[in-house]
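Text of query_5.cif (mmCIF, C-alpha atoms) as supplied:
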data_final
#
loop_
_atom_site.label_atom_id
_atom_site.label_comp_id
_atom_site.auth_asym_id
_atom_site.auth_seq_id
_atom_site.Cartn_x
_atom_site.Cartn_y
_atom_site.Cartn_z
CA MET A 1 27.28 4.45 -6.14
CA THR A 2 30.56 3.38 -4.63
CA HIS A 3 34.03 3.20 -6.10
CA SER A 4 36.79 0.82 -5.07
CA PRO A 5 40.49 1.49 -5.69
CA GLU A 6 42.23 -0.64 -8.28
CA PRO A 7 44.30 -3.53 -6.86
CA THR A 8 48.04 -3.05 -7.10
CA SER A 9 49.11 -6.68 -7.45
CA SER A 10 47.82 -10.05 -8.60
CA ARG A 11 47.80 -11.28 -4.99
CA GLU A 12 45.78 -8.26 -3.87
CA ALA A 13 43.43 -8.71 -6.85
CA SER A 14 42.87 -12.34 -5.90
CA HIS A 15 42.21 -11.36 -2.30
CA LEU A 16 39.71 -8.68 -3.34
CA ASP A 17 37.95 -11.11 -5.67
CA ARG A 18 37.49 -13.59 -2.83
CA GLY A 19 36.30 -10.80 -0.54
CA ALA A 20 33.79 -9.59 -3.13
CA TRP A 21 32.51 -13.16 -3.54
CA THR A 22 32.05 -13.48 0.22
CA ARG A 23 30.14 -10.19 0.41
CA THR A 24 27.90 -11.31 -2.46
CA LEU A 25 27.05 -14.44 -0.51
CA LEU A 26 26.24 -12.47 2.63
CA ASN A 27 24.65 -9.25 1.46
CA LYS A 28 20.89 -9.70 1.11
CA VAL A 29 20.01 -6.88 -1.28
CA PRO A 30 20.85 -6.28 -4.96
CA GLU A 31 23.37 -3.95 -6.51
CA VAL A 32 21.90 -0.52 -7.22
CA THR A 33 21.85 -0.04 -11.00
CA ILE A 34 19.55 1.64 -13.52
CA LEU A 35 17.65 -1.63 -13.91
CA PHE A 36 17.20 -1.76 -10.12
CA TRP A 37 15.37 1.58 -10.26
CA VAL A 38 13.30 0.48 -13.25
CA VAL A 39 12.04 -2.60 -11.44
CA LYS A 40 11.54 -0.65 -8.22
CA ILE A 41 9.33 1.94 -9.96
CA LEU A 42 7.40 -0.79 -11.77
CA SER A 43 6.91 -2.52 -8.42
CA THR A 44 5.49 0.64 -6.89
CA THR A 45 3.07 1.04 -9.78
CA VAL A 46 2.02 -2.61 -9.51
CA GLY A 47 1.45 -2.07 -5.81
CA GLU A 48 -1.05 0.66 -6.62
CA THR A 49 -2.81 -1.13 -9.48
CA ALA A 50 -2.82 -4.60 -7.90
CA ALA A 51 -4.29 -3.29 -4.64
CA ASP A 52 -7.07 -1.55 -6.57
CA TYR A 53 -7.67 -4.66 -8.70
CA LEU A 54 -8.03 -7.01 -5.73
CA ASN A 55 -10.11 -4.56 -3.74
CA GLU A 56 -12.48 -3.39 -6.47
CA ASN A 57 -12.43 -5.74 -9.48
CA VAL A 58 -12.19 -9.01 -7.55
CA GLY A 59 -14.43 -7.58 -4.85
CA LEU A 60 -12.44 -8.73 -1.82
CA GLY A 61 -12.76 -5.40 -0.07
CA LEU A 62 -10.00 -3.52 1.70
CA SER A 63 -9.98 -5.55 4.91
CA ALA A 64 -9.90 -8.99 3.29
CA THR A 65 -7.39 -7.88 0.66
CA THR A 66 -5.10 -6.46 3.34
CA ALA A 67 -5.26 -9.62 5.45
CA ILE A 68 -4.51 -11.91 2.50
CA MET A 69 -1.65 -9.83 1.12
CA ALA A 70 -0.15 -9.27 4.57
CA LEU A 71 -0.12 -13.04 5.12
CA LEU A 72 1.56 -13.64 1.77
CA LEU A 73 4.12 -10.94 2.57
CA ALA A 74 4.86 -12.50 5.95
CA ILE A 75 5.47 -15.89 4.31
CA VAL A 76 7.80 -14.44 1.66
CA LEU A 77 9.72 -12.40 4.25
CA ILE A 78 10.23 -15.52 6.35
CA VAL A 79 11.77 -17.18 3.31
CA GLN A 80 13.83 -14.04 2.60
CA PHE A 81 15.20 -14.04 6.15
CA THR A 82 15.93 -17.76 5.96
CA VAL A 83 18.12 -17.69 2.85
CA ARG A 84 21.73 -16.67 3.35
CA ARG A 85 22.19 -14.49 0.28
CA TYR A 86 20.43 -12.30 -2.24
CA ILE A 87 18.11 -14.37 -4.44
CA PRO A 88 16.43 -12.14 -7.06
CA ALA A 89 13.09 -13.97 -7.26
CA ILE A 90 12.55 -13.96 -3.49
CA TYR A 91 13.77 -10.40 -2.98
CA TRP A 92 11.68 -8.81 -5.72
CA LEU A 93 8.58 -10.81 -4.81
CA ALA A 94 8.93 -9.36 -1.31
CA VAL A 95 9.26 -5.84 -2.80
CA VAL A 96 6.12 -6.24 -4.92
CA LEU A 97 4.13 -7.62 -1.98
CA ILE A 98 5.36 -4.95 0.42
CA SER A 99 4.36 -2.36 -2.16
CA VAL A 100 0.83 -3.78 -2.25
CA VAL A 101 0.63 -4.03 1.56
CA GLY A 102 1.97 -0.51 2.05
CA THR A 103 -0.69 0.78 -0.33
CA LEU A 104 -3.41 -1.13 1.51
CA PHE A 105 -2.28 0.15 4.92
CA SER A 106 -2.69 3.70 3.70
CA ASP A 107 -6.00 3.00 1.95
CA ASN A 108 -7.42 1.27 5.04
CA LEU A 109 -6.64 4.21 7.28
CA VAL A 110 -8.13 6.70 4.83
CA ASP A 111 -11.12 4.81 3.40
CA ASN A 112 -12.13 2.54 6.28
CA LEU A 113 -11.17 4.59 9.31
CA GLY A 114 -11.61 8.07 7.89
CA VAL A 115 -8.10 9.27 8.71
CA SER A 116 -7.09 12.24 6.57
CA LEU A 117 -4.29 11.97 4.03
CA TRP A 118 -2.48 14.77 5.86
CA THR A 119 -2.48 12.63 9.01
CA THR A 120 -1.46 9.35 7.34
CA THR A 121 1.37 11.13 5.51
CA ALA A 122 2.60 12.53 8.82
CA ILE A 123 2.22 9.17 10.61
CA PHE A 124 4.11 7.17 8.00
CA GLY A 125 6.72 9.92 7.66
CA ALA A 126 7.31 9.86 11.40
CA GLY A 127 7.44 6.07 11.36
CA LEU A 128 10.10 6.16 8.65
CA VAL A 129 12.18 8.68 10.59
CA VAL A 130 11.94 6.58 13.77
CA SER A 131 12.97 3.42 11.89
CA PHE A 132 15.99 5.21 10.40
CA VAL A 133 17.01 6.62 13.78
CA ALA A 134 16.68 3.23 15.47
CA TRP A 135 18.59 1.57 12.63
CA TYR A 136 21.44 4.09 12.80
CA ARG A 137 21.66 4.05 16.59
CA SER A 138 21.87 0.27 16.50
CA GLU A 139 24.17 -0.25 13.51
CA ARG A 140 25.87 3.15 12.99
CA THR A 141 25.02 2.96 9.29
CA LEU A 142 22.04 3.02 6.93
CA SER A 143 24.03 1.56 4.05
CA ILE A 144 22.32 -1.10 1.96
CA HIS A 145 25.70 -2.53 0.97
CA THR A 146 26.14 -4.28 4.31
CA ILE A 147 22.79 -5.98 4.97
CA VAL A 148 24.64 -8.95 6.45
CA THR A 149 22.74 -9.60 9.70
CA ARG A 150 19.11 -10.34 10.43
CA ARG A 151 18.82 -7.21 12.57
CA ARG A 152 20.01 -5.00 9.72
CA GLU A 153 17.71 -6.81 7.34
CA ALA A 154 14.77 -6.29 9.71
CA PHE A 155 15.49 -2.54 9.80
CA TYR A 156 15.83 -2.54 6.01
CA TRP A 157 12.43 -4.12 5.35
CA LEU A 158 10.75 -2.02 8.04
CA ALA A 159 12.07 1.15 6.40
CA ILE A 160 10.91 -0.06 2.99
CA LEU A 161 7.41 -0.75 4.32
CA PHE A 162 7.20 2.80 5.65
CA THR A 163 8.49 4.24 2.34
CA PHE A 164 5.72 2.48 0.42
CA ALA A 165 2.97 3.48 2.86
CA LEU A 166 4.29 7.06 3.02
CA GLY A 167 4.57 7.25 -0.75
CA THR A 168 0.98 6.10 -1.20
CA SER A 169 -0.37 8.69 1.22
CA ALA A 170 1.86 11.49 -0.12
CA GLY A 171 0.98 10.66 -3.73
CA ASP A 172 -2.75 10.61 -3.03
CA LEU A 173 -2.43 13.78 -0.96
CA VAL A 174 -0.84 15.72 -3.82
CA ALA A 175 -2.90 14.22 -6.65
CA GLU A 176 -6.32 14.07 -4.97
CA LYS A 177 -6.51 16.15 -1.80
CA LEU A 178 -4.60 19.08 -3.27
CA ALA A 179 -6.27 18.43 -6.65
CA VAL A 180 -2.99 18.59 -8.57
CA GLY A 181 -3.99 15.62 -10.71
CA TYR A 182 -2.32 12.26 -11.35
CA PHE A 183 -0.09 13.13 -14.30
CA PRO A 184 1.05 16.54 -12.95
CA SER A 185 1.83 14.79 -9.64
CA ALA A 186 3.94 12.23 -11.49
CA LEU A 187 5.80 15.08 -13.19
CA ILE A 188 6.42 16.78 -9.83
CA PHE A 189 7.77 13.63 -8.18
CA GLY A 190 9.73 12.75 -11.32
CA GLY A 191 11.31 16.21 -11.15
CA VAL A 192 12.32 15.58 -7.54
CA ILE A 193 13.94 12.29 -8.55
CA ALA A 194 15.82 14.07 -11.34
CA ALA A 195 16.99 16.72 -8.87
CA ILE A 196 18.25 14.08 -6.43
CA THR A 197 20.13 12.39 -9.28
CA ALA A 198 21.67 15.69 -10.40
CA ILE A 199 22.73 16.58 -6.86
CA TYR A 200 24.28 13.15 -6.34
CA TYR A 201 26.30 13.14 -9.56
CA GLY A 202 26.92 16.88 -9.83
CA PHE A 203 27.78 17.67 -6.21
CA LYS A 204 28.94 14.23 -5.02
CA ALA A 205 26.22 14.00 -2.38
CA ASP A 206 26.34 11.21 0.18
CA ALA A 207 25.42 7.93 -1.55
CA VAL A 208 23.35 6.55 1.32
CA LEU A 209 21.34 9.75 1.70
CA ALA A 210 20.78 10.00 -2.06
CA PHE A 211 19.66 6.37 -2.26
CA TRP A 212 17.04 6.65 0.47
CA ALA A 213 15.79 10.01 -0.78
CA ALA A 214 15.30 8.54 -4.25
CA TYR A 215 13.77 5.36 -2.83
CA ILE A 216 11.18 7.35 -0.90
CA VAL A 217 10.19 9.60 -3.82
CA THR A 218 9.96 6.79 -6.40
CA ARG A 219 6.97 5.45 -4.44
CA PRO A 220 4.65 8.47 -4.90
CA PHE A 221 5.95 8.76 -8.47
CA GLY A 222 4.97 5.15 -9.18
CA ALA A 223 1.66 5.52 -7.35
CA SER A 224 0.76 8.65 -9.32
CA MET A 225 1.68 6.93 -12.59
CA GLY A 226 -0.38 3.89 -11.62
CA ASP A 227 -3.43 6.04 -10.88
CA PHE A 228 -2.90 8.04 -14.07
CA LEU A 229 -2.78 4.90 -16.21
CA THR A 230 -5.76 3.14 -14.62
CA ALA A 231 -8.14 5.88 -13.49
CA PRO A 232 -11.16 6.69 -15.72
CA THR A 233 -10.70 9.59 -18.10
CA LYS A 234 -13.35 11.57 -16.22
CA ASP A 235 -11.08 11.41 -13.16
CA GLY A 236 -8.00 12.58 -15.05
CA GLY A 237 -6.58 9.16 -15.96
CA LEU A 238 -6.06 7.24 -19.19
CA GLY A 239 -8.69 4.62 -18.33
CA LEU A 240 -6.46 1.64 -19.16
CA GLY A 241 -7.80 -0.32 -16.20
CA THR A 242 -5.97 -2.29 -13.53
CA ASN A 243 -6.09 -5.68 -15.29
CA GLY A 244 -3.96 -4.99 -18.34
CA THR A 245 -1.68 -2.49 -16.60
CA SER A 246 -0.88 -4.85 -13.73
CA ALA A 247 -0.33 -7.80 -16.07
CA LEU A 248 2.00 -5.82 -18.35
CA PHE A 249 4.12 -4.44 -15.52
CA ILE A 250 4.31 -7.80 -13.75
CA ALA A 251 5.50 -9.40 -17.01
CA ILE A 252 8.26 -6.78 -17.31
CA ILE A 253 9.25 -7.32 -13.67
CA VAL A 254 9.43 -11.10 -14.20
CA ALA A 255 11.63 -10.62 -17.27
CA CYS A 256 13.96 -8.33 -15.31
CA VAL A 257 14.14 -10.76 -12.39
CA LEU A 258 15.07 -13.56 -14.79
CA TRP A 259 17.87 -11.35 -16.09
CA PHE A 260 19.01 -10.61 -12.52
CA THR A 261 19.06 -14.36 -11.81
CA VAL A 262 21.12 -15.20 -14.89
CA LYS A 263 23.52 -12.33 -14.14
CA ALA A 264 23.93 -13.40 -10.50
CA ARG A 265 24.73 -16.97 -11.49
CA HIS A 266 27.27 -15.77 -14.02
CA GLU A 267 28.95 -13.56 -11.41
CA ASP A 268 29.07 -16.48 -8.98
CA ARG A 269 31.00 -18.54 -11.52
CA VAL A 270 33.39 -15.68 -12.29
CA LEU A 271 34.03 -14.56 -8.72
CA ALA A 272 34.08 -17.96 -7.00
CA PRO A 273 37.56 -18.60 -5.56
CA ALA A 274 39.58 -21.37 -7.11
CA PRO A 275 39.81 -24.55 -5.00
CA VAL A 276 42.87 -24.69 -2.80
#

Could you write out this file's structure as structure tokens?
Amino acid sequence: MTHSPEPTSSREASHLDRGAWTRTLLNKVPEVTILFWVVKILSTTVGETAADYLNENVGLGLSATTAIMALLLAIVLIVQFTVRRYIPAIYWLAVVLISVVGTLFSDNLVDNLGVSLWTTTAIFGAGLVVSFVAWYRSERTLSIHTIVTRRREAFYWLAILFTFALGTSAGDLVAEKLAVGYFPSALIFGGVIAAITAIYYGFKADAVLAFWAAYIVTRPFGASMGDFLTAPTKDGGLGLGTNGTSALFIAIIVACVLWFTVKARHEDRVLAPAPV
């Protein structure tokens, strides 16, 4: 979503190449491309289907499932914070797990504690706003292109957790509470994503604002699609079940992550500065 001016000399080009290589080593999040959004949406859908699978099919229950997945997420995030650069396998594993945990947080509040979807949507929405405000007041930016310190990375993952929890509650609110249905809800949220894309490219909207708006809305879109694919036909779904749907989407995510890994290694070789 950003554009850099062309270098005007071979010396400047060499300098920019070394600078780009240094930023790649430091920045902890991937480049935003079409494939990024594909994997992100698949991750959100897996978060919905995997949470349902562990809770219902495996029979762990909401509380046990939440505890186990939260522990796994904590371990992966510790590894993510420890490494000094973006590593596709670690990053996307954290995204998938945070998608599952965000879903479970919402489901626990609604199903175990009886909190309404209106309330959970408002709570997670407020939490996201507070995290953005705190992030901006601290760093003066919400850009994902400069996640180069642990504090910025902490704000980044906190915001992502709130987007997943908010998306789960908002998706369930529209599809179930308002009785819109899973597939119509997916169409609504998909339309919002298309509108954000059109505004960004057509009216040159702010890249950071467009990114976070799209990131937030892709969660309820993915959640609605997940429910539509797995829910019984009597409930308005396709009845495909959580087993096959989760396995298929995870396989696609793994294939994409392998591609990201190969691409990152190739870019390292191309952009690495020549020895002095």

TODO: Rounded to one decimal place, report the atom CA of Leu62 of chain A-atom CA of Phe105 of chain A distance in Å.
DONE: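 Separation of atom CA of Leu62 of chain A and atom CA of Phe105 of chain A: 9.1 Å.
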
Task: Residue neighbourhood Leu158 of chain A, 10 Å, all atoms listed in the file, exclusion window fewer than 3 positions, as a list in words - done: Ile98, Gly127, Leu128, Ser131, Phe132, Trp135, Arg152, Glu153, Ala154, Phe155, Leu161, Phe162 and Thr163 of chain A

With C-alpha atoms retained, export the selected residues as a CSV table (one decimal), in the frame of the given file.
chain,number,residue,atom,x,y,z
A,98,ILE,CA,5.4,-5.0,0.4
A,127,GLY,CA,7.4,6.1,11.4
A,128,LEU,CA,10.1,6.2,8.6
A,131,SER,CA,13.0,3.4,11.9
A,132,PHE,CA,16.0,5.2,10.4
A,135,TRP,CA,18.6,1.6,12.6
A,152,ARG,CA,20.0,-5.0,9.7
A,153,GLU,CA,17.7,-6.8,7.3
A,154,ALA,CA,14.8,-6.3,9.7
A,155,PHE,CA,15.5,-2.5,9.8
A,161,LEU,CA,7.4,-0.8,4.3
A,162,PHE,CA,7.2,2.8,5.6
A,163,THR,CA,8.5,4.2,2.3

Task: Picked residues, the PyMOL selection byres ((chain A and resi 175) around 10), expected as a VMD selection string - done: chain A and resid 169 to 174 176 to 186 220 223 to 224 227 to 228 236

Go through the shown structure with the PyMOL selection byres ((chain A and resi 212) around 10) and write out the matching residues as a PDB file with C-alpha atoms, in the coordinates of the input.
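And here is the file that came out, expr22.pdb:
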ATOM      1  CA  LEU A 142      22.040   3.020   6.930  1.00  0.00           C
ATOM      2  CA  SER A 143      24.030   1.560   4.050  1.00  0.00           C
ATOM      3  CA  ILE A 144      22.320  -1.100   1.960  1.00  0.00           C
ATOM      4  CA  ALA A 159      12.070   1.150   6.400  1.00  0.00           C
ATOM      5  CA  ILE A 160      10.910  -0.060   2.990  1.00  0.00           C
ATOM      6  CA  THR A 163       8.490   4.240   2.340  1.00  0.00           C
ATOM      7  CA  ALA A 207      25.420   7.930  -1.550  1.00  0.00           C
ATOM      8  CA  VAL A 208      23.350   6.550   1.320  1.00  0.00           C
ATOM      9  CA  LEU A 209      21.340   9.750   1.700  1.00  0.00           C
ATOM     10  CA  ALA A 210      20.780  10.000  -2.060  1.00  0.00           C
ATOM     11  CA  PHE A 211      19.660   6.370  -2.260  1.00  0.00           C
ATOM     12  CA  ALA A 213      15.790  10.010  -0.780  1.00  0.00           C
ATOM     13  CA  ALA A 214      15.300   8.540  -4.250  1.00  0.00           C
ATOM     14  CA  TYR A 215      13.770   5.360  -2.830  1.00  0.00           C
ATOM     15  CA  ILE A 216      11.180   7.350  -0.900  1.00  0.00           C
ATOM     16  CA  VAL A 217      10.190   9.600  -3.820  1.00  0.00           C
ATOM     17  CA  THR A 218       9.960   6.790  -6.400  1.00  0.00           C
TER      18      THR A 218
END

- [ ] May I ask which of the residues A:Lys28, A:Thr261, A:Ala51, A:Arg219 is the closest one to Leu77 of chain A, counting all atoms listed in the file?
- [x]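 Under the stated criterion, the closest residue is A:Lys28.
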
Task: Output check: residues returned by the PyMOL selection byres ((chain A and resi 148) around 7), as a ChimeraX atom specification - done: /A:26-28,146-147,149-150,152

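Relative to atom CA of Thr33 of chain A, atom CA of Ala195 of chain A is found at 17.6 Å.
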
Task: Answer as a list in words, residues within 10 Å of (15.1, -14.8, -5.2) using all atoms listed in the file - done: Lys28, Val79, Gln80, Val83, Arg85, Tyr86, Ile87, Pro88, Ala89, Ile90, Tyr91, Trp92, Leu93, Ala94, Val257, Leu258, Phe260 and Thr261 of chain A

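Proximity to Ala247 of chain A was assessed for A:Trp37, A:Thr66, A:Leu42, A:Val29 counting all atoms listed in the file; the smallest distance is recorded for A:Leu42.
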
Edge lengths and centre, in Å to one decimal, as AutoDock Vina command-line options: that's what I need for the box along x, y and z that holds all listed atoms of segment 167-185 of chain A plus 3 Å on each side.
--center_x -1.0 --center_y 12.6 --center_z -6.5 --size_x 17.1 --size_y 19.0 --size_z 21.5

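For the set A:Leu73, A:Val129, A:Leu240, A:Leu60, the residue with the smallest atom-to-atom gap to Gly102 of chain A is A:Leu73, counting only C-alpha atoms.
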
Task: Atomic distance atom CA of Gly244 of chain A - atom CA of Val192 of chain A, expressed in Å with one decimal - done: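 According to the coordinates, atom CA of Gly244 of chain A and atom CA of Val192 of chain A are separated by 28.4 Å.
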
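Minimum distance to Phe36 of chain A across A:Cys256, A:His266, A:Ala134, A:Ala126 (counting only C-alpha atoms) occurs at A:Cys256.
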
Open item on the list: Calculated over only C-alpha atoms, which of the candidates A:Val130, A:Val46, A:Ala74, A:Leu117 has the smallest distance to Thr242 of chain A?
Closed with: A:Val46

Task: Which residue of A:Val95, A:His145, A:Gly241, A:Leu187 approaches Ile41 of chain A most closely, using all atoms listed in the file - done: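 Ranking A:Val95, A:His145, A:Gly241, A:Leu187 by distance to Ile41 of chain A, first place goes to A:Val95.
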
Please write segment 74-92 of chain A of the preceding block to a file containing N, CA, C and O atoms, as a PDB file, in the first residue's frame?
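As a result, result31.pdb now contains:
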ATOM      1  N   ALA A  74       0.064 -18.318  24.171  1.00  0.00           N
ATOM      2  CA  ALA A  74       1.080 -17.644  24.975  1.00  0.00           C
ATOM      3  C   ALA A  74       2.477 -18.153  24.628  1.00  0.00           C
ATOM      4  O   ALA A  74       3.428 -17.370  24.496  1.00  0.00           O
ATOM      5  N   ILE A  75       2.603 -19.463  24.438  1.00  0.00           N
ATOM      6  CA  ILE A  75       3.903 -20.057  24.099  1.00  0.00           C
ATOM      7  C   ILE A  75       4.387 -19.548  22.742  1.00  0.00           C
ATOM      8  O   ILE A  75       5.548 -19.147  22.575  1.00  0.00           O
ATOM      9  N   VAL A  76       3.481 -19.562  21.748  1.00  0.00           N
ATOM     10  CA  VAL A  76       3.857 -19.129  20.398  1.00  0.00           C
ATOM     11  C   VAL A  76       4.202 -17.639  20.380  1.00  0.00           C
ATOM     12  O   VAL A  76       5.150 -17.213  19.704  1.00  0.00           O
ATOM     13  N   LEU A  77       3.452 -16.827  21.134  1.00  0.00           N
ATOM     14  CA  LEU A  77       3.757 -15.396  21.180  1.00  0.00           C
ATOM     15  C   LEU A  77       5.102 -15.132  21.856  1.00  0.00           C
ATOM     16  O   LEU A  77       5.819 -14.199  21.468  1.00  0.00           O
ATOM     17  N   ILE A  78       5.451 -15.929  22.849  1.00  0.00           N
ATOM     18  CA  ILE A  78       6.771 -15.784  23.466  1.00  0.00           C
ATOM     19  C   ILE A  78       7.860 -16.023  22.423  1.00  0.00           C
ATOM     20  O   ILE A  78       8.845 -15.280  22.337  1.00  0.00           O
ATOM     21  N   VAL A  79       7.667 -17.064  21.619  1.00  0.00           N
ATOM     22  CA  VAL A  79       8.633 -17.344  20.545  1.00  0.00           C
ATOM     23  C   VAL A  79       8.643 -16.198  19.539  1.00  0.00           C
ATOM     24  O   VAL A  79       9.702 -15.747  19.102  1.00  0.00           O
ATOM     25  N   GLN A  80       7.450 -15.707  19.169  1.00  0.00           N
ATOM     26  CA  GLN A  80       7.342 -14.604  18.217  1.00  0.00           C
ATOM     27  C   GLN A  80       8.065 -13.355  18.727  1.00  0.00           C
ATOM     28  O   GLN A  80       8.747 -12.665  17.966  1.00  0.00           O
ATOM     29  N   PHE A  81       7.942 -13.060  20.000  1.00  0.00           N
ATOM     30  CA  PHE A  81       8.618 -11.896  20.565  1.00  0.00           C
ATOM     31  C   PHE A  81      10.123 -12.121  20.674  1.00  0.00           C
ATOM     32  O   PHE A  81      10.898 -11.162  20.655  1.00  0.00           O
ATOM     33  N   THR A  82      10.530 -13.375  20.772  1.00  0.00           N
ATOM     34  CA  THR A  82      11.951 -13.677  20.941  1.00  0.00           C
ATOM     35  C   THR A  82      12.724 -13.520  19.637  1.00  0.00           C
ATOM     36  O   THR A  82      13.854 -13.011  19.634  1.00  0.00           O
ATOM     37  N   VAL A  83      12.132 -13.953  18.523  1.00  0.00           N
ATOM     38  CA  VAL A  83      12.843 -13.868  17.248  1.00  0.00           C
ATOM     39  C   VAL A  83      12.987 -12.404  16.841  1.00  0.00           C
ATOM     40  O   VAL A  83      12.190 -11.553  17.242  1.00  0.00           O
ATOM     41  N   ARG A  84      13.986 -12.123  16.031  1.00  0.00           N
ATOM     42  CA  ARG A  84      14.323 -10.740  15.703  1.00  0.00           C
ATOM     43  C   ARG A  84      13.752 -10.273  14.372  1.00  0.00           C
ATOM     44  O   ARG A  84      13.958  -9.132  13.972  1.00  0.00           O
ATOM     45  N   ARG A  85      13.033 -11.154  13.679  1.00  0.00           N
ATOM     46  CA  ARG A  85      12.511 -10.789  12.371  1.00  0.00           C
ATOM     47  C   ARG A  85      11.242 -11.581  12.091  1.00  0.00           C
ATOM     48  O   ARG A  85      10.842 -12.447  12.870  1.00  0.00           O
ATOM     49  N   TYR A  86      10.607 -11.243  10.987  1.00  0.00           N
ATOM     50  CA  TYR A  86       9.404 -11.946  10.562  1.00  0.00           C
ATOM     51  C   TYR A  86       9.754 -13.335  10.065  1.00  0.00           C
ATOM     52  O   TYR A  86      10.526 -13.498   9.121  1.00  0.00           O
ATOM     53  N   ILE A  87       9.199 -14.360  10.722  1.00  0.00           N
ATOM     54  CA  ILE A  87       9.333 -15.748  10.298  1.00  0.00           C
ATOM     55  C   ILE A  87       7.930 -16.262   9.998  1.00  0.00           C
ATOM     56  O   ILE A  87       7.100 -16.362  10.907  1.00  0.00           O
ATOM     57  N   PRO A  88       7.618 -16.562   8.731  1.00  0.00           N
ATOM     58  CA  PRO A  88       6.245 -16.884   8.351  1.00  0.00           C
ATOM     59  C   PRO A  88       5.571 -17.957   9.202  1.00  0.00           C
ATOM     60  O   PRO A  88       4.411 -17.783   9.609  1.00  0.00           O
ATOM     61  N   ALA A  89       6.243 -19.052   9.478  1.00  0.00           N
ATOM     62  CA  ALA A  89       5.611 -20.152  10.212  1.00  0.00           C
ATOM     63  C   ALA A  89       5.185 -19.715  11.612  1.00  0.00           C
ATOM     64  O   ALA A  89       4.069 -20.026  12.069  1.00  0.00           O
ATOM     65  N   ILE A  90       6.046 -18.970  12.297  1.00  0.00           N
ATOM     66  CA  ILE A  90       5.733 -18.529  13.658  1.00  0.00           C
ATOM     67  C   ILE A  90       4.630 -17.484  13.633  1.00  0.00           C
ATOM     68  O   ILE A  90       3.666 -17.541  14.404  1.00  0.00           O
ATOM     69  N   TYR A  91       4.753 -16.522  12.732  1.00  0.00           N
ATOM     70  CA  TYR A  91       3.767 -15.438  12.662  1.00  0.00           C
ATOM     71  C   TYR A  91       2.371 -15.978  12.378  1.00  0.00           C
ATOM     72  O   TYR A  91       1.410 -15.640  13.077  1.00  0.00           O
ATOM     73  N   TRP A  92       2.236 -16.808  11.351  1.00  0.00           N
ATOM     74  CA  TRP A  92       0.906 -17.273  10.962  1.00  0.00           C
ATOM     75  C   TRP A  92       0.334 -18.288  11.937  1.00  0.00           C
ATOM     76  O   TRP A  92      -0.898 -18.381  12.089  1.00  0.00           O
TER      77      TRP A  92
END
